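Trainee: After the structure tokens below, expect a handful of questions from me.
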Amino acid sequence: MSTENIKTAVDIDVGLKEFLTTNTGETISVPKFYRKSQSNLARKQKKVSRKEIGSNNWRAAQNRIARLHQHIARQREDFHDKTAHKLVRENDLIAVEDLNIRGLAKNTKLSKSIYDVAWGTFIEKLNAVAAVRGVHVSRGEWPFAPTSSQYITLIVVIVAKKYLKLYQ
């Protein structure tokens, strides 16, 4: 990708308190779809445990649980889709930190929260939306910068050069 075509660039830092924070200071909060539905899910699972396994009532109760999980997944997918479209619409270059999500999820105290925000799914969605719109998404790799700090410096230099051209 040529650096001449880049007008706006953004660096994204994902987290558990804020879903993502950009280098411009913009933050998007975590919706916590699974955490909000946990008590409802527990109640439905308790009802299933009281049914005779294999009965029609048990199957109906299992379907209610499956529909709730599906609802949570669709809420999360819609949130990721809207966030990805917003980022791609506003930027020409998007830099995302490269995370070892599986390694982070091994921490038993944080794993439920990590899987609830679903960073990996969001990054996949961001890549797909960016590919359609012709926006470059970089996951910590850049051909001109061997380290991440040099990479972020490169983004700042590209954006600064663009603004200097506008002011001159």
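Within each chain, counting starts at residue 1; across the structure tokens, chains are named A, B, ... in the order shown, with ligands numbered 1 upward in that order.
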Listing only residues of region 77-144 of chain A within 9 Å of region 35-43 of chain A, what is the closest atom pair and its distance in Å (to one decimal) for each, using only C-alpha atoms, sorted by chain and residue number ascending, as JSON lines?
Mentor:
{"residue": "A:Lys112", "atom": "CA", "partner": "A:Arg35", "partner_atom": "CA", "distance": 8.6}
{"residue": "A:Ser113", "atom": "CA", "partner": "A:Arg35", "partner_atom": "CA", "distance": 8.0}
{"residue": "A:Asp116", "atom": "CA", "partner": "A:Arg35", "partner_atom": "CA", "distance": 7.6}
Trainee: Residues of chain A classed as strand (DSSP E or B) by DSSP on the backbone are to be reported as a tab-separated table (two decimals) with N, CA, C and O atoms, in the first residue's frame.
Mentor:
chain	number	residue	atom	x	y	z
A	9	ALA	N	-5.09	7.89	9.67
A	9	ALA	CA	-4.66	6.61	10.21
A	9	ALA	C	-5.04	6.57	11.68
A	9	ALA	O	-5.07	7.59	12.36
A	10	VAL	N	-5.33	5.39	12.15
A	10	VAL	CA	-5.72	5.23	13.55
A	10	VAL	C	-5.07	3.98	14.12
A	10	VAL	O	-4.90	2.98	13.42
A	11	ASP	N	-4.70	4.06	15.39
A	11	ASP	CA	-4.13	2.93	16.11
A	11	ASP	C	-5.16	2.51	17.15
A	11	ASP	O	-5.66	3.36	17.90
A	12	ILE	N	-5.48	1.24	17.20
A	12	ILE	CA	-6.52	0.73	18.10
A	12	ILE	C	-5.90	-0.11	19.20
A	12	ILE	O	-5.11	-1.01	18.93
A	13	ASP	N	-6.31	0.18	20.43
A	13	ASP	CA	-5.90	-0.60	21.58
A	13	ASP	C	-7.16	-1.18	22.20
A	13	ASP	O	-8.04	-0.43	22.63
A	14	VAL	N	-7.30	-2.51	22.23
A	14	VAL	CA	-8.50	-3.14	22.79
A	14	VAL	C	-8.28	-3.44	24.27
A	14	VAL	O	-7.15	-3.59	24.72
A	18	GLU	N	-12.64	-0.68	28.45
A	18	GLU	CA	-13.14	-0.03	27.24
A	18	GLU	C	-12.92	-1.02	26.10
A	18	GLU	O	-11.85	-1.60	25.99
A	19	PHE	N	-13.94	-1.20	25.25
A	19	PHE	CA	-13.81	-2.17	24.15
A	19	PHE	C	-12.62	-1.82	23.28
A	19	PHE	O	-11.79	-2.66	22.97
A	20	LEU	N	-12.54	-0.55	22.89
A	20	LEU	CA	-11.36	-0.11	22.17
A	20	LEU	C	-11.12	1.36	22.44
A	20	LEU	O	-12.03	2.12	22.73
A	21	THR	N	-9.84	1.72	22.38
A	21	THR	CA	-9.41	3.10	22.54
A	21	THR	C	-8.51	3.42	21.35
A	21	THR	O	-7.62	2.64	21.02
A	22	THR	N	-8.77	4.54	20.70
A	22	THR	CA	-7.94	4.93	19.55
A	22	THR	C	-6.84	5.86	20.02
A	22	THR	O	-6.88	6.40	21.14
A	27	THR	N	-13.03	6.51	22.77
A	27	THR	CA	-13.23	5.21	23.40
A	27	THR	C	-14.63	4.69	23.09
A	27	THR	O	-15.57	5.47	22.91
A	28	ILE	N	-14.74	3.38	23.04
A	28	ILE	CA	-16.03	2.71	22.88
A	28	ILE	C	-16.14	1.73	24.03
A	28	ILE	O	-15.25	0.90	24.24
A	29	SER	N	-17.22	1.83	24.79
A	29	SER	CA	-17.36	1.00	25.99
A	29	SER	C	-17.75	-0.43	25.64
A	29	SER	O	-18.28	-0.70	24.57
A	93	LEU	N	-6.07	3.88	7.14
A	93	LEU	CA	-5.14	2.89	7.68
A	93	LEU	C	-5.53	2.62	9.12
A	93	LEU	O	-5.68	3.56	9.91
A	94	ILE	N	-5.70	1.35	9.47
A	94	ILE	CA	-6.07	0.97	10.83
A	94	ILE	C	-5.03	0.00	11.35
A	94	ILE	O	-4.77	-1.03	10.74
A	95	ALA	N	-4.42	0.36	12.48
A	95	ALA	CA	-3.42	-0.50	13.10
A	95	ALA	C	-4.03	-1.09	14.37
A	95	ALA	O	-4.53	-0.37	15.23
A	96	VAL	N	-4.00	-2.41	14.47
A	96	VAL	CA	-4.57	-3.12	15.62
A	96	VAL	C	-3.44	-3.85	16.32
A	96	VAL	O	-2.60	-4.46	15.66
A	136	HIS	N	-6.53	-0.46	4.52
A	136	HIS	CA	-5.51	-1.39	5.00
A	136	HIS	C	-5.62	-1.54	6.51
A	136	HIS	O	-5.65	-0.56	7.24
A	137	VAL	N	-5.70	-2.79	6.98
A	137	VAL	CA	-5.70	-3.10	8.41
A	137	VAL	C	-4.42	-3.86	8.70
A	137	VAL	O	-4.12	-4.86	8.05
A	138	SER	N	-3.66	-3.37	9.66
A	138	SER	CA	-2.39	-3.98	10.00
A	138	SER	C	-2.46	-4.51	11.43
A	138	SER	O	-2.89	-3.80	12.33
Trainee: From the options A:Ala128, A:Val30, A:Phe122, A:Gly134, which residue's atoms come nearest to Glu77 (chain A), counting only C-alpha atoms?
Mentor: A:Phe122
Trainee: From the DSSP assignment of the backbone, select every residue of region 75-150 of chain A that is alpha helix (DSSP H), and format the answer as an MDAnalysis selection string.
Mentor: chainID A and resid 75:90 101:105 111:117 119:133 148:150
Trainee: If we count only C-alpha atoms and set the cut-off at 8 Å, which residues sit around Tyr115 (chain A), ignoring sequence neighbours fewer than 4 positions away in its own chain? Please answer as a PyMOL selection string.
Mentor: chain A and resi 105+111+119
Trainee: Keeping N, CA, C and O atoms, export the residues of the selection given above as a compact mmCIF listing (two decimals), in the first residue's frame.
Mentor:
# COMPACT_ATOMS: atom_id res chain seq x y z
N ALA A 105 -6.73 -15.63 27.68
CA ALA A 105 -7.93 -16.27 28.23
C ALA A 105 -7.59 -17.41 29.19
O ALA A 105 -8.48 -17.91 29.87
N SER A 111 -11.10 -14.83 31.83
CA SER A 111 -11.45 -15.53 30.60
C SER A 111 -12.89 -15.27 30.15
O SER A 111 -13.14 -15.08 28.97
N TRP A 119 -12.57 -10.13 20.95
CA TRP A 119 -11.66 -9.33 20.14
C TRP A 119 -11.33 -9.99 18.81
O TRP A 119 -11.26 -9.34 17.78
Trainee: Tell me which of A:Tyr34, A:Ala118, A:Lys106, A:Lys44 sits closest to His71 (chain A), counting only C-alpha atoms.
Mentor: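 Smallest distance to His71 (chain A) is found for A:Tyr34.
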Trainee: Which is closer to Ile72 (chain A) than all the others in A:Val117, A:Ile6, A:Ala130, A:Lys125, using only C-alpha atoms?
Mentor: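 The closest residue to Ile72 (chain A) is A:Val117.
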Trainee: A:Asn56, A:Gln70, A:Asn91, A:Thr83: which is nearest Val135 (chain A), counting only C-alpha atoms?
Mentor: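 Of all the options, A:Asn91 lies closest to Val135 (chain A).
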Trainee: How far is it from CA of Pro31 (chain A) to CA of Leu16 (chain A), in Å with one decimal?
Mentor: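 CA of Leu16 (chain A) lies 10.3 Å from CA of Pro31 (chain A).
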Trainee: Rank nothing, just name the residue among A:Gly54, A:Leu87, A:Ser49, A:Ala61 nearest to Glu26 (chain A), using only C-alpha atoms.
Mentor: A:Leu87
Trainee: Work out how far CA of Thr8 (chain A) is from CA of Glu90 (chain A), in Å to one decimal.
Mentor: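 So the answer is 7.6 Å.
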